[in-house]
Amino acid sequence: MTTDRTPPKLRPATLALDGGLVPDPVTGAIAPGISMSVNNVFTPGAAGFSAEGADLTEQPYLYARWTNPTVRELERRVAALEGAEDALATATGVAAVAATFLTLLKAGDHLIVSDVCYAGAYELATRILPDLGIAVTPVNLSDLNAVQAAIRPETRLIHAESPCNPILRLTDLAGLSAIARAAGVLLSVDSTLATPVITRPLELGADLVIHSLTKFMNGHGDALGGVVCGARALIGRIRARAGVYLGASLSAHNAWAILRGIDTLFPRLRQSSETALILARHLEAHPAVTRVTYPGLESHPQHALARRQMALSGGMVAFQTADPEAMARRMADRFGVIHYAFSLGHQRSICVLIGTDEIQGSTYRMTGAALQEYRRWAGDGVFRLSVGLEDPEDLIEDLNRALQG
Ligand SMILES: Cc1ncc(COP(=O)(O)O)c(C=O)c1O
């Protein structure tokens, strides 16, 4: 087990391996072990028992719902990658969003949420928070004037995504941070689709960065997890409230699996970004495809922002075809390599239709100009393709099989 020893000068790709530095002092093991114990012995009087005010993160590890050595190792690794002082790991990505909202917002406060973001986060914000007396305004965060206009004296938090799931619209995080800062409002950024390989929101002025670790960070589709990173004091507040009372603690086993996934985060993201660009170009030239949205294509409406804000173009491609529902059935029938399934960011390619009527009915419920703007990006629906590590030629052949009438 390692201790607080992050050397200051290592580059992010090395930090993803935790520097590869210190073997276990007892056994000499290089690979991290798992500390499965729910509780650890301690010296009476050495630690506070009350969650409020006590530092729950350091030894003794009293009880694993508060903190556990393997989970702590993951928190340190992700914090180092995001350039954050601290991080709180949670059982899922949604739990990290919930932990953030339920700590930073109380009755009478106002939240601005991206009008397009992960459905679970959006539904939590727009369905659950108002019942707690929290006002919520969905805003197209790619329109900074709209953000400015939506801020109220009681606004406490702006919650953004970039690229946003599922349409891959980008948010100008530096521009948004400047507005939030000037208004004294905190900014949380769900960076699940980007990962710290591609964008580091804290460096662009955000206060908190959130990940579903279930996706690219773990990258193997075999563990759920989430994390929120930021300044020590802010993460301490989130840990002391939601980290303890939400009860959505990450298991040591999943923390270990995700640590192993993060070891290969950089090469995986480089490979899937490279393949995604090949597929995006192929799809753009395919007669059955009516539109492709990919930050790495010159045709992306925010390509200039992508070049500024994204170190790589990422592993997600959105595309449209005529009669998307028939196409979805053909994909499910004909794919031999890609999986027709939900989720994203795994080593195996996954594709799914996010139908516009369906997601509008279940989640966003937009009307008027907002709905028109959504349709301008998504038409009747986007195929959300999460590009894995397979040979690009096999993926192209698979897509062609489905796309031919
Ligand atoms: C951008 C984004 N944030 C959060 C989540 C939620 O993650 P989890 O399923 O780990 O709760 C997802 C899941 O798809 C996501 O795409």
# chains A, B, ... in the order shown; residues from 1 in each chain; ligands from 1

$ select_by_dssp --residues "range 142-390 of chain A" --states "strand (DSSP E or B)" --output "count of residues only"
49

$ residues_around --residues "Val38 in chain A" --least-positions-apart "5" --cutoff "12 Å" --atoms "only C-alpha atoms" --output "list in words"
Pro60, Tyr61, Leu62, Tyr63, Ala64, Arg65, Trp66, Thr67, Asn68, Pro69, Thr70, Val71, Ser249, Leu250, Ser251, Ala252 and His253 of chain A

$ residues_near_ligand --ligand "ligand 1" --cutoff "7 Å" --atoms "only C-alpha atoms and all ligand atoms" --output "PyMOL selection string"
chain A and resi 92-95+117-118+120-121+161+164-165+190-193+211-214+224-226+343-344

$ closest_residue --among "A:Ala150, A:Val352, A:Ala322, A:Val136" --to "Tyr122 in chain A" --atoms "only C-alpha atoms"
A:Val136

$ select_by_dssp --residues "range 112-194 of chain A" --states "helix (DSSP H, G or I)" --output "ChimeraX atom specification"
/A:119-132,144-150,173-183

$ residues_around --residues "Ser162 in chain A" --least-positions-apart "2" --cutoff "10 Å" --atoms "only C-alpha atoms" --output "number ranges by chain"
A: 114, 117, 141-142, 160, 164-165, 168-173, 189-194, 199, 201, 306, 309-310

$ write_last_selection --atoms "N, CA and C atoms" --output "PDB file, in the first residue's frame"
ATOM      1  N   SER A 114     -26.992  21.621 -17.224  1.00  0.00           N
ATOM      2  CA  SER A 114     -26.955  21.549 -18.678  1.00  0.00           C
ATOM      3  C   SER A 114     -28.261  20.938 -19.192  1.00  0.00           C
ATOM      4  N   CYS A 117     -27.622  16.461 -20.725  1.00  0.00           N
ATOM      5  CA  CYS A 117     -26.551  15.799 -19.974  1.00  0.00           C
ATOM      6  C   CYS A 117     -27.021  14.382 -19.683  1.00  0.00           C
ATOM      7  N   LEU A 141     -25.706  25.171 -22.054  1.00  0.00           N
ATOM      8  CA  LEU A 141     -24.485  25.788 -21.516  1.00  0.00           C
ATOM      9  C   LEU A 141     -23.476  26.126 -22.606  1.00  0.00           C
ATOM     10  N   SER A 142     -23.778  25.733 -23.856  1.00  0.00           N
ATOM     11  CA  SER A 142     -22.888  26.163 -24.933  1.00  0.00           C
ATOM     12  C   SER A 142     -23.199  27.614 -25.322  1.00  0.00           C
ATOM     13  N   ALA A 160     -22.242  21.051 -15.486  1.00  0.00           N
ATOM     14  CA  ALA A 160     -21.996  20.976 -16.933  1.00  0.00           C
ATOM     15  C   ALA A 160     -21.461  19.599 -17.313  1.00  0.00           C
ATOM     16  N   CYS A 164     -21.140  16.507 -24.082  1.00  0.00           N
ATOM     17  CA  CYS A 164     -22.313  16.061 -23.345  1.00  0.00           C
ATOM     18  C   CYS A 164     -22.958  14.859 -24.020  1.00  0.00           C
ATOM     19  N   ASN A 165     -23.379  13.979 -23.131  1.00  0.00           N
ATOM     20  CA  ASN A 165     -24.005  12.721 -23.506  1.00  0.00           C
ATOM     21  C   ASN A 165     -25.493  12.987 -23.763  1.00  0.00           C
ATOM     22  N   LEU A 168     -22.870  14.971 -27.956  1.00  0.00           N
ATOM     23  CA  LEU A 168     -21.474  15.403 -28.125  1.00  0.00           C
ATOM     24  C   LEU A 168     -21.349  16.894 -28.436  1.00  0.00           C
ATOM     25  N   ARG A 169     -22.271  17.654 -27.871  1.00  0.00           N
ATOM     26  CA  ARG A 169     -22.115  19.107 -27.879  1.00  0.00           C
ATOM     27  C   ARG A 169     -21.059  19.447 -26.827  1.00  0.00           C
ATOM     28  N   LEU A 170     -20.257  20.480 -27.068  1.00  0.00           N
ATOM     29  CA  LEU A 170     -19.198  20.842 -26.134  1.00  0.00           C
ATOM     30  C   LEU A 170     -19.608  22.058 -25.307  1.00  0.00           C
ATOM     31  N   THR A 171     -18.979  22.182 -24.152  1.00  0.00           N
ATOM     32  CA  THR A 171     -19.167  23.366 -23.312  1.00  0.00           C
ATOM     33  C   THR A 171     -17.819  24.059 -23.198  1.00  0.00           C
ATOM     34  N   ASP A 172     -17.801  25.366 -23.420  1.00  0.00           N
ATOM     35  CA  ASP A 172     -16.572  26.145 -23.269  1.00  0.00           C
ATOM     36  C   ASP A 172     -16.304  26.302 -21.768  1.00  0.00           C
ATOM     37  N   LEU A 173     -15.472  25.424 -21.233  1.00  0.00           N
ATOM     38  CA  LEU A 173     -15.327  25.359 -19.775  1.00  0.00           C
ATOM     39  C   LEU A 173     -14.618  26.584 -19.215  1.00  0.00           C
ATOM     40  N   VAL A 189     -18.218  19.870 -13.257  1.00  0.00           N
ATOM     41  CA  VAL A 189     -18.160  19.406 -14.645  1.00  0.00           C
ATOM     42  C   VAL A 189     -18.096  17.883 -14.644  1.00  0.00           C
ATOM     43  N   ASP A 190     -19.078  17.256 -15.259  1.00  0.00           N
ATOM     44  CA  ASP A 190     -19.024  15.814 -15.469  1.00  0.00           C
ATOM     45  C   ASP A 190     -18.163  15.583 -16.706  1.00  0.00           C
ATOM     46  N   SER A 191     -16.975  15.035 -16.485  1.00  0.00           N
ATOM     47  CA  SER A 191     -15.977  14.896 -17.548  1.00  0.00           C
ATOM     48  C   SER A 191     -15.811  13.425 -17.956  1.00  0.00           C
ATOM     49  N   THR A 192     -16.879  12.648 -17.747  1.00  0.00           N
ATOM     50  CA  THR A 192     -16.828  11.204 -18.007  1.00  0.00           C
ATOM     51  C   THR A 192     -16.414  10.893 -19.441  1.00  0.00           C
ATOM     52  N   LEU A 193     -16.958  11.661 -20.410  1.00  0.00           N
ATOM     53  CA  LEU A 193     -16.673  11.338 -21.808  1.00  0.00           C
ATOM     54  C   LEU A 193     -15.279  11.813 -22.231  1.00  0.00           C
ATOM     55  N   ALA A 194     -14.721  12.756 -21.472  1.00  0.00           N
ATOM     56  CA  ALA A 194     -13.404  13.284 -21.841  1.00  0.00           C
ATOM     57  C   ALA A 194     -12.278  12.535 -21.129  1.00  0.00           C
ATOM     58  N   THR A 199      -9.280  16.356 -21.244  1.00  0.00           N
ATOM     59  CA  THR A 199      -9.602  17.693 -20.715  1.00  0.00           C
ATOM     60  C   THR A 199      -9.421  17.670 -19.201  1.00  0.00           C
ATOM     61  N   PRO A 201     -10.767  19.865 -16.392  1.00  0.00           N
ATOM     62  CA  PRO A 201     -11.658  20.996 -16.102  1.00  0.00           C
ATOM     63  C   PRO A 201     -11.172  21.900 -14.973  1.00  0.00           C
ATOM     64  N   ALA A 306     -13.118  22.379 -29.684  1.00  0.00           N
ATOM     65  CA  ALA A 306     -12.549  21.043 -29.448  1.00  0.00           C
ATOM     66  C   ALA A 306     -11.028  21.099 -29.521  1.00  0.00           C
ATOM     67  N   GLN A 309      -9.741  22.822 -26.329  1.00  0.00           N
ATOM     68  CA  GLN A 309     -10.074  22.294 -25.004  1.00  0.00           C
ATOM     69  C   GLN A 309      -9.809  20.786 -24.866  1.00  0.00           C
ATOM     70  N   MET A 310      -9.631  20.098 -25.993  1.00  0.00           N
ATOM     71  CA  MET A 310      -9.495  18.637 -25.944  1.00  0.00           C
ATOM     72  C   MET A 310      -8.131  18.218 -26.515  1.00  0.00           C
TER      73      MET A 310
END

$ closest_residue --among "A:Leu277, A:Met217, A:Val228, A:Leu246" --to "Leu88 in chain A" --atoms "only C-alpha atoms"
A:Val228

$ residues_around --residues "range 151-154 of chain A" --least-positions-apart "6" --cutoff "12 Å" --atoms "only C-alpha atoms" --output "number ranges by chain"
A: 105-113, 134-139, 141, 144-145, 176, 179-186

$ closest_residue --among "A:Ala223, A:Glu298, A:Asn140, A:Gly175" --to "Met366 in chain A" --atoms "only C-alpha atoms"
A:Asn140

$ atom_distance --atom1 "CA of Thr264 in chain A" --atom2 "CA of Ile354 in chain A"
29.0 Å

$ closest_residue --among "A:Phe319, A:Tyr340, A:Phe266, A:Phe335" --to "Asp398 in chain A" --atoms "only C-alpha atoms"
A:Phe335

$ residues_around --residues "range 368-378 of chain A" --least-positions-apart "3" --cutoff "10 Å" --atoms "only C-alpha atoms" --output "list in words"
Asp115, Val116, Pro138, Val139, Asn140, Pro166, Ile167, Leu168, Arg169, Arg291, Val292, Thr293, Pro301, Ala318, Phe319, Gln320, Ile354, Gly355, Thr356, Asp357, Gln360, Tyr364, Arg365, Gly381, Val382 and Phe383 of chain A

$ decode --residues "range 33-47 of chain A" --atoms "all heavy atoms" --output "short mmCIF file (atom, residue, chain, number, x, y, z; two decimals), in the first residue's frame"
data_model
loop_
_atom_site.label_atom_id
_atom_site.label_comp_id
_atom_site.auth_asym_id
_atom_site.auth_seq_id
_atom_site.Cartn_x
_atom_site.Cartn_y
_atom_site.Cartn_z
N GLY A 33 -2.47 -4.42 -3.96
CA GLY A 33 -3.37 -5.45 -3.43
C GLY A 33 -4.73 -4.84 -3.13
O GLY A 33 -4.97 -3.66 -3.38
N ILE A 34 -5.63 -5.68 -2.60
CA ILE A 34 -6.94 -5.17 -2.18
C ILE A 34 -7.03 -5.29 -0.67
O ILE A 34 -6.75 -6.36 -0.12
CB ILE A 34 -8.11 -6.00 -2.75
CG1 ILE A 34 -7.96 -6.24 -4.24
CG2 ILE A 34 -9.43 -5.32 -2.44
CD1 ILE A 34 -9.11 -7.05 -4.82
N SER A 35 -7.43 -4.22 -0.03
CA SER A 35 -7.70 -4.29 1.40
C SER A 35 -9.21 -4.45 1.56
O SER A 35 -9.97 -3.51 1.38
CB SER A 35 -7.23 -3.01 2.08
OG SER A 35 -7.64 -3.01 3.42
N MET A 36 -9.64 -5.69 1.82
CA MET A 36 -11.09 -5.97 1.87
C MET A 36 -11.71 -5.70 3.22
O MET A 36 -12.93 -5.73 3.36
CB MET A 36 -11.34 -7.43 1.48
CG MET A 36 -11.09 -7.75 0.02
SD MET A 36 -12.20 -6.87 -1.11
CE MET A 36 -13.75 -7.70 -0.78
N SER A 37 -10.89 -5.48 4.24
CA SER A 37 -11.43 -5.36 5.59
C SER A 37 -12.39 -4.18 5.70
O SER A 37 -12.10 -3.08 5.23
CB SER A 37 -10.29 -5.17 6.59
OG SER A 37 -10.80 -5.27 7.89
N VAL A 38 -13.53 -4.44 6.33
CA VAL A 38 -14.51 -3.39 6.54
C VAL A 38 -14.06 -2.45 7.66
O VAL A 38 -14.35 -1.26 7.66
CB VAL A 38 -15.88 -4.03 6.88
CG1 VAL A 38 -16.83 -3.03 7.53
CG2 VAL A 38 -16.51 -4.61 5.61
N ASN A 39 -13.34 -3.00 8.63
CA ASN A 39 -12.89 -2.16 9.75
C ASN A 39 -11.44 -2.47 10.07
O ASN A 39 -10.92 -3.54 9.76
CB ASN A 39 -13.78 -2.37 10.98
CG ASN A 39 -13.87 -3.83 11.37
OD1 ASN A 39 -13.53 -4.70 10.58
ND2 ASN A 39 -14.32 -4.10 12.57
N ASN A 40 -10.78 -1.50 10.66
CA ASN A 40 -9.37 -1.64 11.03
C ASN A 40 -9.24 -1.24 12.50
O ASN A 40 -9.99 -0.38 12.97
CB ASN A 40 -8.49 -0.71 10.18
CG ASN A 40 -8.48 -1.13 8.71
OD1 ASN A 40 -9.47 -1.62 8.18
ND2 ASN A 40 -7.37 -0.93 8.06
N VAL A 41 -8.27 -1.85 13.21
CA VAL A 41 -8.11 -1.50 14.63
C VAL A 41 -7.56 -0.09 14.75
O VAL A 41 -6.93 0.42 13.81
CB VAL A 41 -7.17 -2.50 15.35
CG1 VAL A 41 -7.80 -3.88 15.40
CG2 VAL A 41 -5.80 -2.52 14.70
N PHE A 42 -7.81 0.52 15.87
CA PHE A 42 -7.31 1.89 16.09
C PHE A 42 -7.07 2.10 17.56
O PHE A 42 -7.53 1.33 18.41
CB PHE A 42 -8.29 2.92 15.54
CG PHE A 42 -9.60 2.96 16.27
CD1 PHE A 42 -9.81 3.90 17.26
CD2 PHE A 42 -10.61 2.04 15.98
CE1 PHE A 42 -11.02 3.93 17.95
CE2 PHE A 42 -11.82 2.07 16.66
CZ PHE A 42 -12.02 3.01 17.65
N THR A 43 -6.33 3.16 17.87
CA THR A 43 -6.06 3.51 19.26
C THR A 43 -7.18 4.41 19.76
O THR A 43 -7.45 5.43 19.13
CB THR A 43 -4.73 4.28 19.35
OG1 THR A 43 -3.75 3.53 18.65
CG2 THR A 43 -4.31 4.51 20.80
N PRO A 44 -7.86 4.00 20.85
CA PRO A 44 -8.96 4.85 21.33
C PRO A 44 -8.49 6.30 21.53
O PRO A 44 -7.38 6.54 22.02
CB PRO A 44 -9.34 4.20 22.67
CG PRO A 44 -8.87 2.78 22.53
CD PRO A 44 -7.65 2.82 21.67
N GLY A 45 -9.33 7.21 21.10
CA GLY A 45 -9.00 8.63 21.27
C GLY A 45 -8.21 9.19 20.11
O GLY A 45 -8.02 10.40 20.00
N ALA A 46 -7.75 8.32 19.19
CA ALA A 46 -6.90 8.80 18.10
C ALA A 46 -7.69 9.44 16.97
O ALA A 46 -7.13 10.15 16.16
CB ALA A 46 -6.05 7.65 17.56
N ALA A 47 -8.97 9.14 16.88
CA ALA A 47 -9.74 9.67 15.75
C ALA A 47 -11.11 10.09 16.22
O ALA A 47 -11.64 9.57 17.19
CB ALA A 47 -9.88 8.59 14.67
#
